[in-house]
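Q: Sharing a structure below in structure tokens format, with a few things to ask.
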Amino acid sequence: MLEWVDWRFTLLLLSNGVLIGLMYSLVALGFVLVYKATDAINFAQGEFVMIAGLIVVGFLNLAGLPLWVSLVIALGAMIGFGFGLERVVLRKLIGRPIIAIVMATIGLAAILRGLGPMTIGAGTKPLALPIPDEPVIAGPFFFPPIQLVGGAVSLLFLAGFGWFFLKSRKGIAMRAVADNQQVAMAMGINVERYFGLAWAMAGVVSALGGVLWGNLLGVDVNLALVGFKVFPVVILGGLDSIPGAIVGGLIVGIVENVAAGYIDPYVGGGTKDFAPYVLMIVALMIRPYGIFGKRMIERV
Amino acid sequence: MIHRECGVLKTTYEADMALYPLPIAKYTVGALLVLFFGVVPLALDDYYLSILNLVAIAIVGALGLNILVGYTGQVSIGHGAFMSVGAYTAANFATRLDAPWPVNLLAGGLMAAAVGAVVGIPSLRIKGLYLAIATLAGQLIIEWTINHVTFISGGVQASIEVARPRIGSYVLSSHRSMYFFLLTFVVIAIVGTLNLVRSRIGRAFVAIRDRDIAAEIIGINIFRYKLLAFAISSFYAGVAGVLYTYFLGIANYEQFQIVVSIDYLAMIIIGGLGSVLGSIFGAIFITLLPIVIRIAMETFGGMLFEQQTVLNLIANLRLMLFGVLIIVFLIVEPEGLNRLWRNIRSYFRVWPFAY
């Protein structure tokens with residue numbers, strides 16, 4: 001009897017981990033897109049998600065617009081924000097040491113964290129989606145529908161971006177920019193515009209992430225904490241790899257769920273935030289470029 | 001610091017490296033010492049002295065981070081965690097062993113140095129962005145450990161009360177006495193850093209920052225010096241953490257969360273990377289920023305908004321202004337307040353001529 005319960009418990013943890021992991025992948029995808037194209041590290045990815053969620057909630061609850069209109073507005077706003085950010089801040093920092101870009105995005109994160117609650121208020125707001133609440137039960141598993149939708153959206157986006165980079169003209173140009181900016185420029189590619197495009201794409205991904213995570217957790221400043229999970233995901237998967245974002249997300253989702261399920265009762269909570277980072281440290285020591293990343297890391 | 005010379009006529013390396021390039025520098029330093037040890041504590045009341053105490057602690061911490069980031073070029077987002085290691089070590093020494101404050105201070109600093117060196121180990125294999133993320137992991141793991149291991153954190157609330165430091169039979173309980181106590185350590189930290197960066201170790205740090213491969217080729221043991229940079233930087237952080245614990249009278253992990261690490265990074269970026277004076281400017285600036293905003297909003301905000309809105313604005317304005325300042329400094333003046341100060345000085349040095 002006991003063994004059966006344990007087996008069921010483990011499977012449950014695993015299946016939930018997979019779904020949560022896919023939603024992490026979606027957020028991490030925004031980070032990967034920017035890093036792949038511009039070599040910039042976005043420490044404000046979680047804040048992107050938060051601000052997108054706040055925009056949707058703002059138009060949905062406060063202005064009373066329908067969901068799809070709010071979502072379109074949020075998408076538009078995040079695209080504009082991405083282009084604007086690249087133009088105003090990041091372009092000025094091209095060629096500067098890594099700490100400059102890290103600090104600039106940390107500064108950006110602080111601005112967004114202040115701006116969000118100042119304009120829309122500090123309380124947690126629910127973000128209702130037209131998705132039923134009852135869990136879908138299939139044999140020993142049960143899935144919350146929002147996580148199923150989240151997983152599906154993530155996979156869709158990941159496939160879409162995979163196609164974009166492999167087949168489309170713009171995607172190939174973006175890979176060229178990522179590979180060698182000077183050669184790309186010599187081939188007639190407008191490098192700066194593609195930098196802007198990369199940030200705008202990160203904005204789009206964050207808008208979707210904001211809606212899904214906002215539905216799951218409620219929208220407030222703490223939504224930005226999702227961003228902390230991005231680092232283990234991208235380090236495990238490889239900073240510049242889209243499949244890496246999926247695999248990294250799955251690993252982090254599963255590890256944190258299983259670890260939380262088995263260790264939390266003994267230490268009193270918090271394992272979810274702790275376990276992925278331990279895993280990440282190990283990955284950094286053994287394979288810093290990640291599972292799918294380019295082996296370009298500079299060794300010391 | 002504040003002096004005018006006529007012509008640079010240095011003929012030896014010793015003269016170039018001297019702490020006092022001109023006799024007048026000695027008088028300037030003397031005047032500053034008199035100002036801060038004599039005039040300031042007499043002129044200001046307890047409230048302002050408590051603010052200065054916070055500034056003093058921030059200066060010690062910022063100097064430490066600047067040794068690592070500014071001089072050695074290793075990014076660290078774990079400074080707050082190293083401070084907490086120092087704070088909890090000292091608190092445990094104080095409550096369990098009833099040790100006097102010099103022992104606690106040293107133990108806190110050394111423990112932080114040891115932990116810092118361990119967190120710095122990844123720097124031997126990775127650098128730049130990867131190191132930033134590794135130290136971020138260090139921060140989160142240390143935070144979690146302190147919060148969840150009751151042996152360290154003293155159980156509920158993860159906070160330990162610490163008795164005030166005493167010298168002989170005199171207990172440093174007022175803000176005024178704490179001011180002298182903290183200022184002493186600020187002076188030690190400043191002199192220590194100034195001497196460190198012009199010593200063999202400091203020059204090795206700068207060589208590693210500028211080009212690590214070249215540094216290795218001229219015979220600098222990168223392994224040793226990188227870990228040393230992490231250890232020294234964390235020692236400062238640990239001492240700052242202990243001082244903060246004595247200032248508050250309590251060790252609490254909430255005072256050393258990731259926000260604090262970012263505050264310290266902002267201090268040295270806004271102040272100026274790789275500069276002692278810059279660390280001091282940055283520490284003053286970032287510590288005073290929220291206080292100035294609060295005073296300004298309490299004075300003028302009431303005319304424009306309602307009370308509740310003002311309170312909401314204070315917290316958020318601080319964050320936004322903080323972010324804007326970091327970005328503006330990065331774009332407009334990457335060398336920070338220290339560079340602005342040098343510009344002002346060189347303007348007046350040749351005044352009334354342009355150059």
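For the structure tokens, the naming scheme is as follows: chains receive sequential letters (A, B, ...) according to their order of presentation, residues are indexed from 1 within each chain, and ligands are indexed from 1 in presentation order.
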Please find the residues of chain B near chain A - the criterion being any atom within 6 Å, counting only C-alpha atoms - and write them as a PyMOL selection string.
A: chain B and resi 125-126+137+316+319-320+323+326-327
Q: With N, CA and C atoms kept, could you save the residues just selected as an mmCIF file, in the first residue's frame?
A:
data_model
loop_
_atom_site.group_PDB
_atom_site.id
_atom_site.type_symbol
_atom_site.label_atom_id
_atom_site.label_comp_id
_atom_site.auth_asym_id
_atom_site.auth_seq_id
_atom_site.Cartn_x
_atom_site.Cartn_y
_atom_site.Cartn_z
ATOM 1 N N ARG B 125 37.341 28.819 -13.295
ATOM 2 C CA ARG B 125 37.000 28.198 -14.580
ATOM 3 C C ARG B 125 36.176 29.104 -15.470
ATOM 4 N N ILE B 126 35.389 29.958 -14.886
ATOM 5 C CA ILE B 126 34.470 30.748 -15.693
ATOM 6 C C ILE B 126 34.622 32.213 -15.348
ATOM 7 N N ALA B 137 23.959 32.486 -7.572
ATOM 8 C CA ALA B 137 23.588 31.217 -6.957
ATOM 9 C C ALA B 137 24.139 31.149 -5.543
ATOM 10 N N ASN B 316 8.284 53.336 -4.255
ATOM 11 C CA ASN B 316 8.491 53.036 -5.668
ATOM 12 C C ASN B 316 9.428 54.022 -6.341
ATOM 13 N N LEU B 319 13.032 52.984 -5.894
ATOM 14 C CA LEU B 319 13.459 51.940 -6.831
ATOM 15 C C LEU B 319 13.702 52.505 -8.219
ATOM 16 N N MET B 320 12.750 53.325 -8.691
ATOM 17 C CA MET B 320 12.853 53.820 -10.059
ATOM 18 C C MET B 320 14.048 54.747 -10.214
ATOM 19 N N GLY B 323 17.198 52.769 -10.342
ATOM 20 C CA GLY B 323 17.426 52.163 -11.650
ATOM 21 C C GLY B 323 17.845 53.182 -12.685
ATOM 22 N N ILE B 326 21.474 54.257 -12.173
ATOM 23 C CA ILE B 326 22.446 53.266 -12.621
ATOM 24 C C ILE B 326 22.608 53.355 -14.132
ATOM 25 N N ILE B 327 21.474 53.374 -14.849
ATOM 26 C CA ILE B 327 21.550 53.371 -16.308
ATOM 27 C C ILE B 327 22.180 54.657 -16.816
#
Q: For Val153 in chain A, list every protein, DNA or RNA residue within 9 Å, evaluated using only C-alpha atoms, and leave out those in the same chain fewer than 4 positions away; present the list as a VMD selection string.
A: chain A and resid 22 to 23 26 148 to 149 157 to 158 208
Q: Next, the residues of the selection above should be written as an mmCIF file, in the first residue's frame with N, CA and C atoms.
A:
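Saved file result-v8.cif follows:
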data_model
loop_
_atom_site.group_PDB
_atom_site.id
_atom_site.type_symbol
_atom_site.label_atom_id
_atom_site.label_comp_id
_atom_site.auth_asym_id
_atom_site.auth_seq_id
_atom_site.Cartn_x
_atom_site.Cartn_y
_atom_site.Cartn_z
ATOM 1 N N LEU A 22 7.820 23.487 -18.539
ATOM 2 C CA LEU A 22 7.552 24.079 -19.854
ATOM 3 C C LEU A 22 7.232 25.559 -19.729
ATOM 4 N N MET A 23 6.551 25.909 -18.637
ATOM 5 C CA MET A 23 6.253 27.338 -18.463
ATOM 6 C C MET A 23 7.513 28.121 -18.115
ATOM 7 N N LEU A 26 9.221 28.912 -21.350
ATOM 8 C CA LEU A 26 8.669 30.058 -22.067
ATOM 9 C C LEU A 26 9.351 31.348 -21.609
ATOM 10 N N LEU A 148 -1.638 22.907 -18.400
ATOM 11 C CA LEU A 148 -1.686 22.252 -19.710
ATOM 12 C C LEU A 148 -1.617 23.298 -20.817
ATOM 13 N N VAL A 149 -2.440 24.353 -20.672
ATOM 14 C CA VAL A 149 -2.427 25.420 -21.670
ATOM 15 C C VAL A 149 -1.044 26.046 -21.742
ATOM 16 N N PHE A 157 5.354 28.066 -29.020
ATOM 17 C CA PHE A 157 6.300 29.156 -29.223
ATOM 18 C C PHE A 157 7.690 28.638 -29.537
ATOM 19 N N LEU A 158 8.082 27.588 -28.791
ATOM 20 C CA LEU A 158 9.421 27.059 -28.999
ATOM 21 C C LEU A 158 9.551 26.517 -30.412
ATOM 22 N N LEU A 208 3.216 36.713 -23.262
ATOM 23 C CA LEU A 208 2.524 35.428 -23.094
ATOM 24 C C LEU A 208 2.826 34.840 -21.718
#
Q: Skip range 274-283 of chain B itself and residues of its chain fewer than 4 positions away, then list as a PyMOL selection string all residues within 6 Å of it, counting only C-alpha atoms.
A: chain B and resi 58-59+62-63+70-71+267-268+270+287+338
Q: Restrict the selected residues to N, CA and C atoms and save them as a short mmCIF file (atom, residue, chain, number, x, y, z; two decimals), in the first residue's frame.
A:
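As a result, again-v8.cif now contains:
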data_model
loop_
_atom_site.label_atom_id
_atom_site.label_comp_id
_atom_site.auth_asym_id
_atom_site.auth_seq_id
_atom_site.Cartn_x
_atom_site.Cartn_y
_atom_site.Cartn_z
N ALA B 58 28.25 51.23 4.98
CA ALA B 58 28.22 51.05 3.53
C ALA B 58 29.59 51.29 2.91
N ILE B 59 30.35 52.23 3.47
CA ILE B 59 31.68 52.50 2.91
C ILE B 59 32.57 51.27 3.06
N ALA B 62 31.38 48.71 0.53
CA ALA B 62 31.63 49.10 -0.86
C ALA B 62 33.11 49.01 -1.19
N LEU B 63 33.97 49.37 -0.22
CA LEU B 63 35.42 49.24 -0.47
C LEU B 63 35.75 47.79 -0.78
N GLY B 70 36.04 46.18 -8.97
CA GLY B 70 36.73 47.30 -9.60
C GLY B 70 38.19 47.01 -9.88
N TYR B 71 38.89 46.40 -8.93
CA TYR B 71 40.33 46.20 -9.09
C TYR B 71 40.66 44.86 -9.74
N MET B 267 26.51 51.06 -5.75
CA MET B 267 27.42 52.01 -5.11
C MET B 267 28.71 52.14 -5.88
N ILE B 268 29.32 51.00 -6.21
CA ILE B 268 30.64 51.10 -6.83
C ILE B 268 30.52 51.52 -8.30
N ILE B 270 28.11 53.64 -9.49
CA ILE B 270 27.83 55.08 -9.48
C ILE B 270 29.03 55.83 -8.93
N THR B 287 23.32 55.41 0.03
CA THR B 287 22.71 55.36 1.35
C THR B 287 21.80 56.57 1.57
N ASN B 338 33.49 59.52 -9.09
CA ASN B 338 34.90 59.80 -8.93
C ASN B 338 35.42 60.61 -10.10
#
Q: Per DSSP on the backbone, what are the alpha helix (DSSP H) residues of range 147-344 of chain B, as a ChimeraX atom specification?
A: /B:147-148,150-153,175-197,200-210,212-217,222-248,258-271,276-296,302-304,307-332,336-344
Q: Mind pulling up the distance from CA of Tyr47 in chain B to CA of Glu161 in chain B?
A: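 Atom-to-atom, CA of Glu161 in chain B and CA of Tyr47 in chain B are spaced 22.4 Å apart.
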Q: Would you pick out the contacts of Leu106 in chain B at 10 Å or less, using only C-alpha atoms, so that residues sharing its chain but fewer than 2 positions from it are not included, and give the list as a list in words?
A: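 Final neighbour list, sorted by chain and number: Gly86, Thr89, Ala90, Trp101, Pro102, Val103, Asn104, Gly108, Gly109, Leu110, Met111, Ala112, Phe235, Gly238, Val239 and Val242 of chain B.
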Q: Quick check, in Å to one decimal: how far apart do CA of Val40 in chain B and CA of Arg176 in chain B lie?
A: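 Value for the CA of Val40 in chain B-CA of Arg176 in chain B distance: 10.2 Å.
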